[in-house]
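Engineer: Please see the structure below; I have some questions.
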Amino acid sequence: MRKEDVMEEKCMKQKENQLYIEFPAFPENERIARMTAAAFLAAMNPTIEEMDDVKTAVSEAVTNCIIHAYDYEGHEVFKAPKVEMLLERQGQTCYVTITDHGTGIEDIEQAMEPLYTTKPEEERSGMGFSFMEAFMNELKVESEQGKGTKVYMTKRIGSSMIQSCTFTKKEEQENGKE
């Protein structure tokens, strides 16, 4: 077994953490989601660049929900549609899931094309998914018309898992690394 595989397996056994929040789909709540993600990520000791990457991706995903899924038009707080955010940590990997229960995306492949937007009259740039894809290690989008969309993003923090997972002398001997 490769040293990297053993290290990843050891990290996967570490205690996980997760945080779930649900909030009204108001434009001003995008910053709450972004800052919540940053606070959650802080425990992983990210670089400033890694922190900014995750904050930007969360911002884009939440903004997409507010602008496209629900067609925001000043809902009352208790009647407003909701956006859900799930943050999970496993080792040095952060998993982010942003969910809405809005209109859904008719053609995911087309929606993920750079510069594509369904709201050109609102001067939308059509770069949301492109930014998410560029700043995160993995991006997956699931959507069903009339039921909503889930955006799954993954970000590995640090250049290697060595930051949080070190071998004991015994483990090194067991894995033939001494």
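So you can find residues: chains in the structure tokens are A, B, ... in the order shown, residues in each start at 1, and ligands are numbered from 1 in order.
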Hey, what's within 12 Å of Ala57 in chain A if we count only C-alpha atoms and toss same-chain stuff fewer than 3 positions away? As a ChimeraX atom specification, please?
Structural biologist: /A:30-31,33-35,37-38,50-54,60-64,95-98,127-139,151-155
Engineer: For Ile48 in chain A, work out the shell of residues within 12 Å, counting only C-alpha atoms and skipping chain neighbours fewer than 6 positions away, then give it as a PyMOL selection string.
Structural biologist: chain A and resi 38+41-42+54-55+157-158
Engineer: Selected residues, N, CA and C atoms, written as a PDB file, in the first residue's frame, please.
Structural biologist:
```
ATOM      1  N   ALA A  38     -16.300  30.263   6.034  1.00  0.00           N
ATOM      2  CA  ALA A  38     -14.938  30.661   6.424  1.00  0.00           C
ATOM      3  C   ALA A  38     -14.643  30.268   7.868  1.00  0.00           C
ATOM      4  N   LEU A  41     -14.148  26.521   8.042  1.00  0.00           N
ATOM      5  CA  LEU A  41     -12.892  26.147   7.396  1.00  0.00           C
ATOM      6  C   LEU A  41     -11.670  26.523   8.235  1.00  0.00           C
ATOM      7  N   ALA A  42     -11.797  27.530   9.058  1.00  0.00           N
ATOM      8  CA  ALA A  42     -10.658  28.034   9.838  1.00  0.00           C
ATOM      9  C   ALA A  42      -9.991  26.946  10.678  1.00  0.00           C
ATOM     10  N   VAL A  54     -12.885  29.024  -1.182  1.00  0.00           N
ATOM     11  CA  VAL A  54     -14.119  28.443  -0.645  1.00  0.00           C
ATOM     12  C   VAL A  54     -15.184  29.524  -0.467  1.00  0.00           C
ATOM     13  N   LYS A  55     -14.794  30.672   0.067  1.00  0.00           N
ATOM     14  CA  LYS A  55     -15.754  31.758   0.252  1.00  0.00           C
ATOM     15  C   LYS A  55     -16.359  32.199  -1.078  1.00  0.00           C
ATOM     16  N   ILE A 157      -7.578  20.955   1.622  1.00  0.00           N
ATOM     17  CA  ILE A 157      -6.818  22.033   2.236  1.00  0.00           C
ATOM     18  C   ILE A 157      -5.383  21.567   2.503  1.00  0.00           C
ATOM     19  N   GLY A 158      -4.427  22.374   2.086  1.00  0.00           N
ATOM     20  CA  GLY A 158      -3.015  22.040   2.278  1.00  0.00           C
ATOM     21  C   GLY A 158      -2.459  21.293   1.083  1.00  0.00           C
TER      22      GLY A 158
END
```
Engineer: Using only C-alpha atoms, determine which residues lie at most 10 Å from Ile105 in chain A, disregarding the query and same-chain residues fewer than 2 positions distant; provide the list as a short mmCIF file (atom, residue, chain, number, x, y, z; two decimals) with N, CA, C and O atoms, in the first residue's frame.
Structural biologist:
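File written: selection.cif
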```cif
data_model
loop_
_atom_site.label_atom_id
_atom_site.label_comp_id
_atom_site.auth_asym_id
_atom_site.auth_seq_id
_atom_site.Cartn_x
_atom_site.Cartn_y
_atom_site.Cartn_z
N HIS A 68 -31.60 32.71 -9.36
CA HIS A 68 -32.17 31.86 -10.40
C HIS A 68 -33.24 30.88 -9.89
O HIS A 68 -34.23 30.65 -10.57
N ALA A 69 -33.04 30.31 -8.72
CA ALA A 69 -33.98 29.28 -8.25
C ALA A 69 -35.29 29.86 -7.78
O ALA A 69 -36.35 29.27 -7.97
N GLY A 102 -36.06 25.26 -5.52
CA GLY A 102 -36.67 26.18 -6.47
C GLY A 102 -37.00 25.56 -7.80
O GLY A 102 -37.40 24.39 -7.89
N THR A 103 -36.80 26.34 -8.85
CA THR A 103 -37.24 25.96 -10.19
C THR A 103 -36.44 24.84 -10.83
O THR A 103 -36.93 24.17 -11.74
N ASP A 107 -31.09 22.61 -18.22
CA ASP A 107 -29.97 21.98 -18.90
C ASP A 107 -28.69 22.30 -18.12
O ASP A 107 -28.10 23.37 -18.30
N ILE A 108 -28.26 21.39 -17.26
CA ILE A 108 -27.09 21.63 -16.40
C ILE A 108 -25.84 21.90 -17.23
O ILE A 108 -25.07 22.80 -16.93
N GLU A 109 -25.64 21.11 -18.27
CA GLU A 109 -24.45 21.27 -19.10
C GLU A 109 -24.39 22.68 -19.69
O GLU A 109 -23.34 23.33 -19.67
N GLN A 110 -25.50 23.17 -20.20
CA GLN A 110 -25.55 24.51 -20.76
C GLN A 110 -25.35 25.56 -19.67
O GLN A 110 -24.61 26.53 -19.86
N ALA A 111 -25.97 25.35 -18.51
CA ALA A 111 -25.86 26.31 -17.40
C ALA A 111 -24.42 26.43 -16.91
O ALA A 111 -24.03 27.49 -16.40
N VAL A 141 -23.21 18.99 -9.93
CA VAL A 141 -24.51 19.66 -9.85
C VAL A 141 -25.60 18.66 -10.20
O VAL A 141 -25.51 17.96 -11.20
N GLU A 142 -26.61 18.59 -9.33
CA GLU A 142 -27.79 17.77 -9.59
C GLU A 142 -29.00 18.70 -9.54
O GLU A 142 -29.08 19.56 -8.67
N SER A 143 -29.92 18.51 -10.48
CA SER A 143 -31.08 19.38 -10.51
C SER A 143 -32.25 18.66 -11.14
O SER A 143 -32.09 17.82 -12.02
N GLU A 144 -33.44 19.01 -10.65
CA GLU A 144 -34.67 18.48 -11.22
C GLU A 144 -35.65 19.63 -11.38
O GLU A 144 -35.91 20.37 -10.42
N GLN A 145 -36.17 19.79 -12.57
CA GLN A 145 -37.11 20.88 -12.86
C GLN A 145 -38.27 20.87 -11.86
O GLN A 145 -38.87 19.82 -11.61
N GLY A 146 -38.53 22.02 -11.27
CA GLY A 146 -39.63 22.17 -10.34
C GLY A 146 -39.35 21.66 -8.94
O GLY A 146 -40.17 21.82 -8.04
N LYS A 147 -38.19 21.04 -8.72
CA LYS A 147 -37.88 20.50 -7.39
C LYS A 147 -36.63 21.11 -6.77
O LYS A 147 -36.45 21.03 -5.56
N GLY A 148 -35.75 21.65 -7.58
CA GLY A 148 -34.58 22.31 -7.02
C GLY A 148 -33.25 21.77 -7.49
O GLY A 148 -33.18 20.89 -8.35
N THR A 149 -32.20 22.30 -6.88
CA THR A 149 -30.83 22.02 -7.29
C THR A 149 -29.94 21.80 -6.08
O THR A 149 -30.11 22.44 -5.05
#
```
Engineer: Using only C-alpha atoms for the distances, tell me which of A:Glu84, A:Glu106, A:Glu113, A:Glu16 is nearest to Asn29 in chain A.
Structural biologist: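 For Asn29 in chain A, the nearest of the candidates is A:Glu84.
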Engineer: Counting only C-alpha atoms, which of A:Ala25, A:Leu86, A:Ala80, A:Leu19 gets nearest to Lys150 in chain A?
Structural biologist: A:Leu86
Engineer: From a backbone DSSP assignment, name each residue in range 13-154 of chain A labelled strand (DSSP E or B), as a PyMOL selection string.
Structural biologist: chain A and resi 17-24+82-90+93-100+138-144+148-154
Engineer: Have a look at CA of Glu22 in chain A and CA of Gly104 in chain A and let me know their distance in Å, one decimal.
Structural biologist: 18.2 Å
Engineer: Taking the DSSP secondary structure from the backbone, can you list the residues of range 37-117 of chain A that are helix (DSSP H, G or I), as number ranges by chain?
Structural biologist: A: 37-42, 48-69, 77-79, 108-111
Engineer: Keeping only N, CA and C atoms, take the residues you just selected and write them out as a short mmCIF file (atom, residue, chain, number, x, y, z; two decimals), in the first residue's frame.
Structural biologist:
```
data_model
loop_
_atom_site.label_atom_id
_atom_site.label_comp_id
_atom_site.auth_asym_id
_atom_site.auth_seq_id
_atom_site.Cartn_x
_atom_site.Cartn_y
_atom_site.Cartn_z
N ALA A 37 -19.01 29.61 6.22
CA ALA A 37 -18.09 28.66 5.59
C ALA A 37 -16.64 28.98 5.99
N ALA A 38 -16.30 30.26 6.03
CA ALA A 38 -14.94 30.66 6.42
C ALA A 38 -14.64 30.27 7.87
N ALA A 39 -15.61 30.49 8.75
CA ALA A 39 -15.40 30.12 10.16
C ALA A 39 -15.24 28.62 10.32
N PHE A 40 -16.03 27.85 9.59
CA PHE A 40 -15.95 26.39 9.64
C PHE A 40 -14.59 25.93 9.12
N LEU A 41 -14.15 26.52 8.04
CA LEU A 41 -12.89 26.15 7.40
C LEU A 41 -11.67 26.52 8.24
N ALA A 42 -11.80 27.53 9.06
CA ALA A 42 -10.66 28.03 9.84
C ALA A 42 -9.99 26.95 10.68
N ILE A 48 -4.68 31.76 3.00
CA ILE A 48 -5.62 32.82 2.66
C ILE A 48 -6.25 32.52 1.30
N GLU A 49 -5.45 32.01 0.37
CA GLU A 49 -5.97 31.68 -0.96
C GLU A 49 -7.03 30.58 -0.89
N GLU A 50 -6.77 29.54 -0.09
CA GLU A 50 -7.76 28.45 0.06
C GLU A 50 -9.05 28.97 0.69
N MET A 51 -8.90 29.83 1.69
CA MET A 51 -10.08 30.43 2.34
C MET A 51 -10.88 31.24 1.34
N ASP A 52 -10.19 32.07 0.56
CA ASP A 52 -10.87 32.89 -0.44
C ASP A 52 -11.56 32.04 -1.50
N ASP A 53 -10.91 30.94 -1.90
CA ASP A 53 -11.51 30.04 -2.89
C ASP A 53 -12.85 29.51 -2.41
N VAL A 54 -12.89 29.02 -1.18
CA VAL A 54 -14.12 28.44 -0.65
C VAL A 54 -15.18 29.52 -0.47
N LYS A 55 -14.79 30.67 0.07
CA LYS A 55 -15.75 31.76 0.25
C LYS A 55 -16.36 32.20 -1.08
N THR A 56 -15.54 32.29 -2.10
CA THR A 56 -16.04 32.70 -3.42
C THR A 56 -16.99 31.65 -3.99
N ALA A 57 -16.61 30.39 -3.89
CA ALA A 57 -17.47 29.32 -4.42
C ALA A 57 -18.82 29.28 -3.70
N VAL A 58 -18.80 29.41 -2.37
CA VAL A 58 -20.05 29.43 -1.59
C VAL A 58 -20.89 30.64 -2.00
N SER A 59 -20.25 31.78 -2.14
CA SER A 59 -20.95 32.99 -2.55
C SER A 59 -21.64 32.80 -3.89
N GLU A 60 -20.95 32.22 -4.85
CA GLU A 60 -21.52 32.00 -6.18
C GLU A 60 -22.70 31.02 -6.12
N ALA A 61 -22.54 29.93 -5.37
CA ALA A 61 -23.60 28.92 -5.28
C ALA A 61 -24.86 29.49 -4.61
N VAL A 62 -24.67 30.20 -3.53
CA VAL A 62 -25.82 30.78 -2.81
C VAL A 62 -26.48 31.87 -3.67
N THR A 63 -25.69 32.69 -4.31
CA THR A 63 -26.25 33.73 -5.17
C THR A 63 -27.06 33.12 -6.31
N ASN A 64 -26.56 32.02 -6.89
CA ASN A 64 -27.33 31.33 -7.93
C ASN A 64 -28.70 30.90 -7.41
N CYS A 65 -28.74 30.38 -6.19
CA CYS A 65 -30.03 29.98 -5.59
C CYS A 65 -30.98 31.16 -5.49
N ILE A 66 -30.47 32.25 -4.97
CA ILE A 66 -31.31 33.42 -4.73
C ILE A 66 -31.80 34.04 -6.04
N ILE A 67 -30.91 34.17 -6.99
CA ILE A 67 -31.24 34.85 -8.25
C ILE A 67 -32.03 33.96 -9.21
N HIS A 68 -31.60 32.71 -9.36
CA HIS A 68 -32.17 31.86 -10.40
C HIS A 68 -33.24 30.88 -9.89
N ALA A 69 -33.04 30.31 -8.72
CA ALA A 69 -33.98 29.28 -8.25
C ALA A 69 -35.29 29.86 -7.78
N VAL A 77 -40.01 37.36 5.48
CA VAL A 77 -39.05 36.46 6.10
C VAL A 77 -39.61 35.05 6.33
N PHE A 78 -40.78 34.94 6.94
CA PHE A 78 -41.29 33.62 7.30
C PHE A 78 -41.88 32.87 6.11
N LYS A 79 -42.12 33.58 5.01
CA LYS A 79 -42.67 32.93 3.82
C LYS A 79 -41.60 32.75 2.74
N ILE A 108 -28.26 21.39 -17.26
CA ILE A 108 -27.09 21.63 -16.40
C ILE A 108 -25.84 21.90 -17.23
N GLU A 109 -25.64 21.11 -18.27
CA GLU A 109 -24.45 21.27 -19.10
C GLU A 109 -24.39 22.68 -19.69
N GLN A 110 -25.50 23.17 -20.20
CA GLN A 110 -25.55 24.51 -20.76
C GLN A 110 -25.35 25.56 -19.67
N ALA A 111 -25.97 25.35 -18.51
CA ALA A 111 -25.86 26.31 -17.40
C ALA A 111 -24.42 26.43 -16.91
#
```
Engineer: Report, in Å to a single decimal, how far apart CA of Pro24 in chain A and CA of Tyr70 in chain A are.
Structural biologist: 10.6 Å
Engineer: What does the distance between CA of Gly91 in chain A and CA of Ile32 in chain A come to in Å, to one decimal place?
Structural biologist: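 Between CA of Gly91 in chain A and CA of Ile32 in chain A the gap works out to 24.7 Å.
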